[in-house]
Amino acid sequence: MTENAHTATDPYELAKDAAQALRSASGIDRIDIAVTLGSGWSGAAELLGTELFSAPADSIPGFQKPQVDGHVGTLRIFEVEGGARVLVLGARTHYYEGKGVNATVHGVRTAAEFGASTLVLTNGCGGLNEQWRPGSPVLIADHINFTGDSPITGATFVDQTDIYTPRLREIAKKVDSSLDEGVYMQFRGPFYESPAEVHMARVLGANLVGMSTALEAMAAREAGLDVLGFSLVTNLAAGISPTPLNHEEVVEAGRAAAPRLAKLLSDTIHAIAKETDR
């Protein structure tokens with residue numbers, strides 16, 4: 001689908017259409033939680049519970065096949081213990097793909113229209129803290145949107161205070177008390193950050209850098225969702241890492257950390273679901 005096609009369609013109406021298509025295809029009226037699986041995190045889906053529905057992402061309006069190695073291309077719905085329904089967004093359109101910011105946040109808006117009250121975002125990223133070795137999961141406490149774009153337009157003044165919900169971060173820390181927190185900075189991509197840009201990010205207060213998540217979190221906040229974010233440090237960022245960066249390194253770090261990440265993410269989603277049931 002071209003950029004013009006994306007901009008010609010009202011993105012909020014497209015999300016409603018997508019949610020209705022999911023209802024019709026799955027026979028499920030609403031979900032409770034949505035999760036976007038970034039590099040290294042996909043194994044969590046198999047630990048969530050009973051799969052109720054699965055479909056190729058591009059069979060639902062507005063979704064497309066992922067263009068990135070390490071990402072799957074399906075939309076799946078699971079029922080976890082207690083009955084909560086979880087939509088697993090295995091198809092992520094990255095901003096750097098050039099399809100526009102609305103395409104980037106389409107999954108988030110669809111989840112909101114499908115009834116979700118909580119969104120869990122995950123990613124693989126570069127780390128600026130030398131203590132976070134490749135394979136380390138880090139909670140996102142805040143973000144810096146360095147894309148120069150926004151999914152929120154017009155006179156819509158959305159408060160970003162505590163955009164990553166403190167209550168959800170506390171739940172994650174109860175699941176794994178060793179979790180550190182960091183500030184994530186989203187760059188436009190698809191290039192890795194230069195050493196000077198990494199230095200700038202550090203000066204501005206970031207210690208995680210990547211190419212996703214911030215725009216999605218902004219759209220989620222606009223939609224009224226609670227947001228939890230996890231980063232997997234797949235590599236030390238440029239200027240901190242002694243070796244050049246490459247995507248194969250990112251994918252391999254995700255594979256190596258996969259068992260721990262899968263358990264952490266699935267256990268956290270189960271804990272959120274139990275709270276939702278109350």
# chains A, B, ... in the order shown; residues from 1 in each chain; ligands from 1
call {"tool": "residues_around", "arguments": {"residues": "Ser231 in chain A", "least_positions_apart": "6", "cutoff": "8 Å", "atoms": "only C-alpha atoms", "output": "PDB file with C-alpha atoms, in the first residue's frame"}}
result
ATOM      1  CA  THR A 122       8.843  -4.638  23.476  1.00  0.00           C
ATOM      2  CA  ASN A 123      11.915  -3.958  21.369  1.00  0.00           C
ATOM      3  CA  GLY A 124      15.533  -4.778  20.771  1.00  0.00           C
ATOM      4  CA  CYS A 125      17.809  -1.771  21.231  1.00  0.00           C
ATOM      5  CA  PRO A 137      16.048  -6.796  29.585  1.00  0.00           C
ATOM      6  CA  VAL A 138      15.377  -3.242  30.796  1.00  0.00           C
ATOM      7  CA  LEU A 139      12.087  -1.589  31.739  1.00  0.00           C
ATOM      8  CA  ILE A 140      11.323   1.645  29.902  1.00  0.00           C
ATOM      9  CA  LEU A 208      18.548   3.038  25.400  1.00  0.00           C
TER      10      LEU A 208
END
call {"tool": "select_by_dssp", "arguments": {"residues": "range 24-179 of chain A", "states": "strand (DSSP E or B)", "output": "VMD selection string"}}
result
chain A and resid 33 to 36 50 to 56 74 to 79 85 to 89 118 to 127 136 to 145
call {"tool": "write_last_selection", "arguments": {"atoms": "N, CA and C atoms", "output": "tab-separated table (two decimals), in the first residue's frame"}}
result
chain	number	residue	atom	x	y	z
A	33	ILE	N	-5.76	-7.11	26.79
A	33	ILE	CA	-4.35	-6.71	26.74
A	33	ILE	C	-3.84	-6.92	25.32
A	34	ALA	N	-2.97	-6.02	24.86
A	34	ALA	CA	-2.29	-6.22	23.58
A	34	ALA	C	-0.80	-6.14	23.83
A	35	VAL	N	-0.05	-6.93	23.06
A	35	VAL	CA	1.40	-6.93	23.20
A	35	VAL	C	2.04	-6.92	21.82
A	36	THR	N	3.01	-6.05	21.63
A	36	THR	CA	3.78	-5.98	20.40
A	36	THR	C	5.13	-6.63	20.63
A	50	THR	N	-4.06	-20.51	26.09
A	50	THR	CA	-4.74	-21.19	24.99
A	50	THR	C	-4.90	-20.25	23.81
A	51	GLU	N	-4.41	-20.68	22.66
A	51	GLU	CA	-4.59	-19.86	21.47
A	51	GLU	C	-6.01	-20.00	20.96
A	52	LEU	N	-6.69	-18.87	20.80
A	52	LEU	CA	-8.07	-18.86	20.32
A	52	LEU	C	-8.18	-18.51	18.84
A	53	PHE	N	-7.16	-17.82	18.33
A	53	PHE	CA	-7.25	-17.31	16.96
A	53	PHE	C	-5.87	-16.95	16.44
A	54	SER	N	-5.67	-17.17	15.14
A	54	SER	CA	-4.43	-16.77	14.48
A	54	SER	C	-4.74	-16.46	13.03
A	55	ALA	N	-4.14	-15.40	12.52
A	55	ALA	CA	-4.35	-15.04	11.12
A	55	ALA	C	-3.15	-14.28	10.60
A	56	PRO	N	-2.87	-14.41	9.30
A	56	PRO	CA	-1.82	-13.57	8.71
A	56	PRO	C	-2.17	-12.10	8.89
A	74	THR	N	2.02	-12.52	12.08
A	74	THR	CA	0.69	-12.99	12.43
A	74	THR	C	0.06	-12.15	13.53
A	75	LEU	N	-1.25	-12.18	13.57
A	75	LEU	CA	-2.03	-11.63	14.68
A	75	LEU	C	-2.66	-12.82	15.39
A	76	ARG	N	-2.46	-12.91	16.70
A	76	ARG	CA	-2.94	-14.07	17.45
A	76	ARG	C	-3.65	-13.59	18.71
A	77	ILE	N	-4.65	-14.34	19.12
A	77	ILE	CA	-5.37	-14.04	20.36
A	77	ILE	C	-5.27	-15.25	21.28
A	78	PHE	N	-4.87	-15.00	22.52
A	78	PHE	CA	-4.74	-16.04	23.53
A	78	PHE	C	-5.66	-15.75	24.70
A	79	GLU	N	-6.11	-16.81	25.34
A	79	GLU	CA	-6.82	-16.68	26.61
A	79	GLU	C	-5.91	-17.17	27.72
A	85	ARG	N	-8.19	-11.94	27.66
A	85	ARG	CA	-7.82	-12.17	26.26
A	85	ARG	C	-6.66	-11.26	25.89
A	86	VAL	N	-5.66	-11.84	25.24
A	86	VAL	CA	-4.45	-11.09	24.87
A	86	VAL	C	-4.27	-11.14	23.36
A	87	LEU	N	-4.18	-9.98	22.75
A	87	LEU	CA	-3.89	-9.87	21.32
A	87	LEU	C	-2.39	-9.71	21.14
A	88	VAL	N	-1.77	-10.65	20.42
A	88	VAL	CA	-0.33	-10.59	20.15
A	88	VAL	C	-0.14	-10.02	18.75
A	89	LEU	N	0.43	-8.83	18.71
A	89	LEU	CA	0.68	-8.13	17.45
A	89	LEU	C	2.05	-8.54	16.94
A	118	THR	N	-4.74	-2.22	28.19
A	118	THR	CA	-3.31	-2.26	28.48
A	118	THR	C	-2.54	-2.65	27.23
A	119	LEU	N	-1.43	-1.96	26.98
A	119	LEU	CA	-0.54	-2.27	25.88
A	119	LEU	C	0.86	-2.55	26.42
A	120	VAL	N	1.44	-3.67	26.00
A	120	VAL	CA	2.82	-4.00	26.36
A	120	VAL	C	3.66	-3.90	25.09
A	121	LEU	N	4.67	-3.02	25.11
A	121	LEU	CA	5.56	-2.82	23.97
A	121	LEU	C	6.92	-3.41	24.28
A	122	THR	N	7.50	-4.08	23.31
A	122	THR	CA	8.84	-4.64	23.48
A	122	THR	C	9.69	-4.27	22.27
A	123	ASN	N	11.00	-4.25	22.47
A	123	ASN	CA	11.91	-3.96	21.37
A	123	ASN	C	13.30	-4.52	21.66
A	124	GLY	N	14.10	-4.57	20.63
A	124	GLY	CA	15.53	-4.78	20.77
A	124	GLY	C	16.21	-3.44	20.54
A	125	CYS	N	17.24	-3.11	21.31
A	125	CYS	CA	17.81	-1.77	21.23
A	125	CYS	C	19.30	-1.78	21.54
A	126	GLY	N	19.92	-0.63	21.32
A	126	GLY	CA	21.30	-0.41	21.72
A	126	GLY	C	21.35	0.14	23.13
A	127	GLY	N	22.32	-0.31	23.91
A	127	GLY	CA	22.44	0.13	25.29
A	127	GLY	C	23.59	1.12	25.46
A	136	SER	N	20.37	-8.29	28.08
A	136	SER	CA	19.74	-7.76	29.30
A	136	SER	C	18.40	-7.12	29.00
A	137	PRO	N	17.32	-7.51	29.71
A	137	PRO	CA	16.05	-6.80	29.59
A	137	PRO	C	16.03	-5.58	30.51
A	138	VAL	N	15.45	-4.49	30.03
A	138	VAL	CA	15.38	-3.24	30.80
A	138	VAL	C	13.96	-2.68	30.67
A	139	LEU	N	13.38	-2.25	31.77
A	139	LEU	CA	12.09	-1.59	31.74
A	139	LEU	C	12.24	-0.17	31.20
A	140	ILE	N	11.30	0.27	30.39
A	140	ILE	CA	11.32	1.64	29.90
A	140	ILE	C	10.55	2.52	30.89
A	141	ALA	N	11.25	3.52	31.45
A	141	ALA	CA	10.63	4.42	32.40
A	141	ALA	C	10.10	5.68	31.72
A	142	ASP	N	10.72	6.06	30.59
A	142	ASP	CA	10.33	7.26	29.87
A	142	ASP	C	10.97	7.18	28.48
A	143	HIS	N	10.59	8.11	27.61
A	143	HIS	CA	11.19	8.08	26.28
A	143	HIS	C	11.46	9.49	25.75
A	144	ILE	N	12.28	9.54	24.72
A	144	ILE	CA	12.52	10.75	23.95
A	144	ILE	C	12.18	10.41	22.50
A	145	ASN	N	11.22	11.12	21.93
A	145	ASN	CA	10.83	10.91	20.54
A	145	ASN	C	11.72	11.80	19.67
call {"tool": "residues_around", "arguments": {"residues": "Arg260 in chain A", "least_positions_apart": "6", "cutoff": "12 Å", "atoms": "only C-alpha atoms", "output": "compact mmCIF listing (two decimals) with C-alpha atoms, in the first residue's frame"}}
result
# COMPACT_ATOMS: atom_id res chain seq x y z
CA GLY A 40 14.00 -11.38 20.76
CA TRP A 41 10.59 -11.39 22.43
CA SER A 42 8.47 -13.62 20.19
CA GLY A 43 8.81 -16.76 22.34
CA ALA A 44 6.53 -15.32 25.02
CA LEU A 47 3.62 -19.36 27.15
CA GLY A 135 20.78 -10.00 26.37
CA SER A 136 19.74 -7.76 29.30
CA PRO A 137 16.05 -6.80 29.59
CA ASP A 176 11.76 -9.93 38.26
CA LEU A 232 16.18 -5.99 25.19
CA ALA A 253 21.40 -11.57 20.90
CA GLY A 254 17.63 -11.97 20.80
CA SER A 266 4.61 -14.05 29.78
CA ASP A 267 4.80 -13.99 33.60
call {"tool": "select_by_dssp", "arguments": {"residues": "range 35-137 of chain A", "states": "alpha helix (DSSP H)", "output": "list in words"}}
result
Val101, Asn102, Ala103, Thr104, His106, Gly107, Val108, Arg109, Thr110, Ala111, Ala112 and Glu113 of chain A
call {"tool": "closest_residue", "arguments": {"among": "A:Pro134, A:Pro166, A:Gly154, A:Gly148", "to": "Met185 in chain A", "atoms": "only C-alpha atoms"}}
result
A:Gly148
call {"tool": "residues_around", "arguments": {"residues": "Met211 in chain A", "least_positions_apart": "5", "cutoff": "6 Å", "atoms": "only C-alpha atoms", "output": "list in words"}}
result
Gln186, Phe187, Arg188 and Gly189 of chain A
call {"tool": "write_last_selection", "arguments": {"atoms": "C-alpha atoms", "output": "compact mmCIF listing (two decimals), in the first residue's frame"}}
result
# COMPACT_ATOMS: atom_id res chain seq x y z
CA GLN A 186 13.60 6.58 19.26
CA PHE A 187 15.58 7.60 16.19
CA ARG A 188 14.12 7.55 12.68
CA GLY A 189 16.40 4.75 11.38
call {"tool": "closest_residue", "arguments": {"among": "A:Pro190, A:Glu181, A:Val209, A:Gly73", "to": "Arg169 in chain A", "atoms": "only C-alpha atoms"}}
result
A:Glu181
call {"tool": "atom_distance", "arguments": {"atom1": "CA of Thr268 in chain A", "atom2": "CA of Ala172 in chain A"}}
result
5.5 Å
call {"tool": "closest_residue", "arguments": {"among": "A:Tyr192, A:Phe230, A:Phe146, A:Trp132", "to": "Lys173 in chain A", "atoms": "only C-alpha atoms"}}
result
A:Phe230
call {"tool": "closest_residue", "arguments": {"among": "A:Ser59, A:Val227, A:Ile152, A:Arg167", "to": "Leu22 in chain A", "atoms": "only C-alpha atoms"}}
result
A:Ser59
call {"tool": "decode", "arguments": {"residues": "range 125-273 of chain A", "atoms": "C-alpha atoms", "output": "PDB file, in the first residue's frame"}}
result
ATOM      1  CA  CYS A 125      17.809  -1.771  21.231  1.00  0.00           C
ATOM      2  CA  GLY A 126      21.302  -0.414  21.723  1.00  0.00           C
ATOM      3  CA  GLY A 127      22.445   0.132  25.290  1.00  0.00           C
ATOM      4  CA  LEU A 128      24.413   3.123  26.572  1.00  0.00           C
ATOM      5  CA  ASN A 129      25.010   1.662  30.032  1.00  0.00           C
ATOM      6  CA  GLU A 130      28.098  -0.558  29.977  1.00  0.00           C
ATOM      7  CA  GLN A 131      26.620  -2.612  32.834  1.00  0.00           C
ATOM      8  CA  TRP A 132      23.789  -3.794  30.573  1.00  0.00           C
ATOM      9  CA  ARG A 133      25.364  -6.590  28.609  1.00  0.00           C
ATOM     10  CA  PRO A 134      23.778  -7.889  25.388  1.00  0.00           C
ATOM     11  CA  GLY A 135      20.779  -9.996  26.368  1.00  0.00           C
ATOM     12  CA  SER A 136      19.739  -7.763  29.300  1.00  0.00           C
ATOM     13  CA  PRO A 137      16.048  -6.796  29.585  1.00  0.00           C
ATOM     14  CA  VAL A 138      15.377  -3.242  30.796  1.00  0.00           C
ATOM     15  CA  LEU A 139      12.087  -1.589  31.739  1.00  0.00           C
ATOM     16  CA  ILE A 140      11.323   1.645  29.902  1.00  0.00           C
ATOM     17  CA  ALA A 141      10.628   4.425  32.400  1.00  0.00           C
ATOM     18  CA  ASP A 142      10.329   7.261  29.865  1.00  0.00           C
ATOM     19  CA  HIS A 143      11.191   8.079  26.280  1.00  0.00           C
ATOM     20  CA  ILE A 144      12.516  10.750  23.947  1.00  0.00           C
ATOM     21  CA  ASN A 145      10.832  10.911  20.544  1.00  0.00           C
ATOM     22  CA  PHE A 146      13.626  11.924  18.147  1.00  0.00           C
ATOM     23  CA  THR A 147      11.814  11.031  14.929  1.00  0.00           C
ATOM     24  CA  GLY A 148      10.596  14.560  14.244  1.00  0.00           C
ATOM     25  CA  ASP A 149       7.087  13.163  13.799  1.00  0.00           C
ATOM     26  CA  SER A 150       4.006  12.432  15.882  1.00  0.00           C
ATOM     27  CA  PRO A 151       0.920  10.221  15.581  1.00  0.00           C
ATOM     28  CA  ILE A 152      -1.055  12.933  17.378  1.00  0.00           C
ATOM     29  CA  THR A 153      -2.127  15.917  15.280  1.00  0.00           C
ATOM     30  CA  GLY A 154      -4.187  19.066  15.607  1.00  0.00           C
ATOM     31  CA  ALA A 155      -5.125  20.713  18.879  1.00  0.00           C
ATOM     32  CA  THR A 156      -4.843  17.433  20.766  1.00  0.00           C
ATOM     33  CA  PHE A 157      -2.711  18.022  23.825  1.00  0.00           C
ATOM     34  CA  VAL A 158      -1.903  14.626  25.288  1.00  0.00           C
ATOM     35  CA  ASP A 159      -0.150  14.495  28.657  1.00  0.00           C
ATOM     36  CA  GLN A 160       2.940  12.261  28.554  1.00  0.00           C
ATOM     37  CA  THR A 161       3.631  12.309  32.287  1.00  0.00           C
ATOM     38  CA  ASP A 162       4.138   8.688  33.370  1.00  0.00           C
ATOM     39  CA  ILE A 163       3.439   7.510  29.810  1.00  0.00           C
ATOM     40  CA  TYR A 164       4.882   4.138  30.912  1.00  0.00           C
ATOM     41  CA  THR A 165       2.430   3.362  33.682  1.00  0.00           C
ATOM     42  CA  PRO A 166       4.180   3.174  37.092  1.00  0.00           C
ATOM     43  CA  ARG A 167       1.699   0.559  38.364  1.00  0.00           C
ATOM     44  CA  LEU A 168       2.585  -1.778  35.501  1.00  0.00           C
ATOM     45  CA  ARG A 169       6.306  -1.240  36.019  1.00  0.00           C
ATOM     46  CA  GLU A 170       5.887  -2.252  39.647  1.00  0.00           C
ATOM     47  CA  ILE A 171       4.115  -5.431  38.541  1.00  0.00           C
ATOM     48  CA  ALA A 172       7.062  -6.250  36.259  1.00  0.00           C
ATOM     49  CA  LYS A 173       9.529  -5.642  39.093  1.00  0.00           C
ATOM     50  CA  LYS A 174       7.611  -8.059  41.288  1.00  0.00           C
ATOM     51  CA  VAL A 175       8.018 -10.654  38.548  1.00  0.00           C
ATOM     52  CA  ASP A 176      11.765  -9.928  38.256  1.00  0.00           C
ATOM     53  CA  SER A 177      13.262  -7.789  41.010  1.00  0.00           C
ATOM     54  CA  SER A 178      16.566  -7.525  39.113  1.00  0.00           C
ATOM     55  CA  LEU A 179      15.055  -5.367  36.351  1.00  0.00           C
ATOM     56  CA  ASP A 180      16.666  -1.983  35.793  1.00  0.00           C
ATOM     57  CA  GLU A 181      14.862   0.987  34.247  1.00  0.00           C
ATOM     58  CA  GLY A 182      15.993   3.272  31.442  1.00  0.00           C
ATOM     59  CA  VAL A 183      15.014   6.101  29.117  1.00  0.00           C
ATOM     60  CA  TYR A 184      14.477   5.018  25.509  1.00  0.00           C
ATOM     61  CA  MET A 185      15.230   7.347  22.606  1.00  0.00           C
ATOM     62  CA  GLN A 186      13.595   6.575  19.265  1.00  0.00           C
ATOM     63  CA  PHE A 187      15.577   7.598  16.190  1.00  0.00           C
ATOM     64  CA  ARG A 188      14.119   7.552  12.682  1.00  0.00           C
ATOM     65  CA  GLY A 189      16.398   4.754  11.382  1.00  0.00           C
ATOM     66  CA  PRO A 190      17.024   2.562   9.484  1.00  0.00           C
ATOM     67  CA  PHE A 191      20.671   3.413  10.084  1.00  0.00           C
ATOM     68  CA  TYR A 192      22.313   2.699  13.408  1.00  0.00           C
ATOM     69  CA  GLU A 193      23.189   5.782  15.415  1.00  0.00           C
ATOM     70  CA  SER A 194      26.625   7.364  14.975  1.00  0.00           C
ATOM     71  CA  PRO A 195      28.948   7.620  17.996  1.00  0.00           C
ATOM     72  CA  ALA A 196      28.250  11.368  18.124  1.00  0.00           C
ATOM     73  CA  GLU A 197      24.497  10.745  18.099  1.00  0.00           C
ATOM     74  CA  VAL A 198      24.872   8.206  20.885  1.00  0.00           C
ATOM     75  CA  HIS A 199      26.844  10.785  22.871  1.00  0.00           C
ATOM     76  CA  MET A 200      24.052  13.310  22.227  1.00  0.00           C
ATOM     77  CA  ALA A 201      21.449  10.791  23.402  1.00  0.00           C
ATOM     78  CA  ARG A 202      23.373  10.262  26.619  1.00  0.00           C
ATOM     79  CA  VAL A 203      23.658  14.021  27.217  1.00  0.00           C
ATOM     80  CA  LEU A 204      19.897  14.357  26.672  1.00  0.00           C
ATOM     81  CA  GLY A 205      19.219  11.676  29.279  1.00  0.00           C
ATOM     82  CA  ALA A 206      18.706   8.503  27.248  1.00  0.00           C
ATOM     83  CA  ASN A 207      20.434   5.201  27.945  1.00  0.00           C
ATOM     84  CA  LEU A 208      18.548   3.038  25.400  1.00  0.00           C
ATOM     85  CA  VAL A 209      18.432   3.834  21.670  1.00  0.00           C
ATOM     86  CA  GLY A 210      16.357   2.246  18.924  1.00  0.00           C
ATOM     87  CA  MET A 211      13.919   2.674  16.053  1.00  0.00           C
ATOM     88  CA  SER A 212      10.483   1.879  17.500  1.00  0.00           C
ATOM     89  CA  THR A 213       8.212   2.150  20.555  1.00  0.00           C
ATOM     90  CA  ALA A 214       7.996   5.889  21.341  1.00  0.00           C
ATOM     91  CA  LEU A 215       5.504   6.696  18.580  1.00  0.00           C
ATOM     92  CA  GLU A 216       3.439   3.631  19.544  1.00  0.00           C
ATOM     93  CA  ALA A 217       3.421   4.655  23.201  1.00  0.00           C
ATOM     94  CA  MET A 218       2.240   8.141  22.239  1.00  0.00           C
ATOM     95  CA  ALA A 219      -0.648   6.713  20.213  1.00  0.00           C
ATOM     96  CA  ALA A 220      -1.524   4.407  23.102  1.00  0.00           C
ATOM     97  CA  ARG A 221      -1.635   7.302  25.531  1.00  0.00           C
ATOM     98  CA  GLU A 222      -3.883   9.249  23.155  1.00  0.00           C
ATOM     99  CA  ALA A 223      -6.210   6.211  23.086  1.00  0.00           C
ATOM    100  CA  GLY A 224      -6.269   6.026  26.890  1.00  0.00           C
ATOM    101  CA  LEU A 225      -4.291   2.800  27.272  1.00  0.00           C
ATOM    102  CA  ASP A 226      -1.972   1.933  30.129  1.00  0.00           C
ATOM    103  CA  VAL A 227       1.496   1.213  28.704  1.00  0.00           C
ATOM    104  CA  LEU A 228       4.343  -1.052  29.765  1.00  0.00           C
ATOM    105  CA  GLY A 229       7.604  -1.102  27.827  1.00  0.00           C
ATOM    106  CA  PHE A 230      10.501  -3.571  27.781  1.00  0.00           C
ATOM    107  CA  SER A 231      13.783  -3.173  25.908  1.00  0.00           C
ATOM    108  CA  LEU A 232      16.183  -5.994  25.186  1.00  0.00           C
ATOM    109  CA  VAL A 233      19.726  -4.643  25.013  1.00  0.00           C
ATOM    110  CA  THR A 234      20.975  -6.499  21.947  1.00  0.00           C
ATOM    111  CA  ASN A 235      24.248  -4.594  21.630  1.00  0.00           C
ATOM    112  CA  LEU A 236      26.221  -1.744  23.121  1.00  0.00           C
ATOM    113  CA  ALA A 237      25.578   1.395  21.078  1.00  0.00           C
ATOM    114  CA  ALA A 238      28.093   2.880  18.606  1.00  0.00           C
ATOM    115  CA  GLY A 239      31.017   4.536  20.332  1.00  0.00           C
ATOM    116  CA  ILE A 240      30.454   2.315  23.372  1.00  0.00           C
ATOM    117  CA  SER A 241      30.708  -0.976  21.506  1.00  0.00           C
ATOM    118  CA  PRO A 242      34.300  -1.757  20.452  1.00  0.00           C
ATOM    119  CA  THR A 243      33.060  -3.399  17.226  1.00  0.00           C
ATOM    120  CA  PRO A 244      30.870  -2.219  14.306  1.00  0.00           C
ATOM    121  CA  LEU A 245      27.138  -2.841  14.610  1.00  0.00           C
ATOM    122  CA  ASN A 246      25.123  -5.170  12.378  1.00  0.00           C
ATOM    123  CA  HIS A 247      21.580  -6.549  12.309  1.00  0.00           C
ATOM    124  CA  GLU A 248      22.752 -10.171  12.574  1.00  0.00           C
ATOM    125  CA  GLU A 249      24.203  -9.300  15.980  1.00  0.00           C
ATOM    126  CA  VAL A 250      20.824  -7.942  17.079  1.00  0.00           C
ATOM    127  CA  VAL A 251      19.003 -11.083  15.941  1.00  0.00           C
ATOM    128  CA  GLU A 252      21.559 -13.413  17.567  1.00  0.00           C
ATOM    129  CA  ALA A 253      21.402 -11.567  20.901  1.00  0.00           C
ATOM    130  CA  GLY A 254      17.634 -11.975  20.804  1.00  0.00           C
ATOM    131  CA  ARG A 255      17.935 -15.703  20.151  1.00  0.00           C
ATOM    132  CA  ALA A 256      20.386 -16.187  23.003  1.00  0.00           C
ATOM    133  CA  ALA A 257      18.199 -14.319  25.501  1.00  0.00           C
ATOM    134  CA  ALA A 258      14.907 -15.763  24.226  1.00  0.00           C
ATOM    135  CA  PRO A 259      14.133 -18.255  27.049  1.00  0.00           C
ATOM    136  CA  ARG A 260      14.574 -15.656  29.798  1.00  0.00           C
ATOM    137  CA  LEU A 261      12.671 -13.007  27.848  1.00  0.00           C
ATOM    138  CA  ALA A 262       9.788 -15.344  27.075  1.00  0.00           C
ATOM    139  CA  LYS A 263       9.309 -16.231  30.738  1.00  0.00           C
ATOM    140  CA  LEU A 264       9.677 -12.618  31.919  1.00  0.00           C
ATOM    141  CA  LEU A 265       7.171 -11.261  29.424  1.00  0.00           C
ATOM    142  CA  SER A 266       4.615 -14.055  29.781  1.00  0.00           C
ATOM    143  CA  ASP A 267       4.797 -13.992  33.596  1.00  0.00           C
ATOM    144  CA  THR A 268       4.318 -10.205  33.554  1.00  0.00           C
ATOM    145  CA  ILE A 269       1.312 -10.432  31.241  1.00  0.00           C
ATOM    146  CA  HIS A 270      -0.214 -13.115  33.469  1.00  0.00           C
ATOM    147  CA  ALA A 271       0.297 -10.862  36.499  1.00  0.00           C
ATOM    148  CA  ILE A 272      -1.335  -7.921  34.707  1.00  0.00           C
ATOM    149  CA  ALA A 273      -4.224 -10.158  33.650  1.00  0.00           C
TER     150      ALA A 273
END
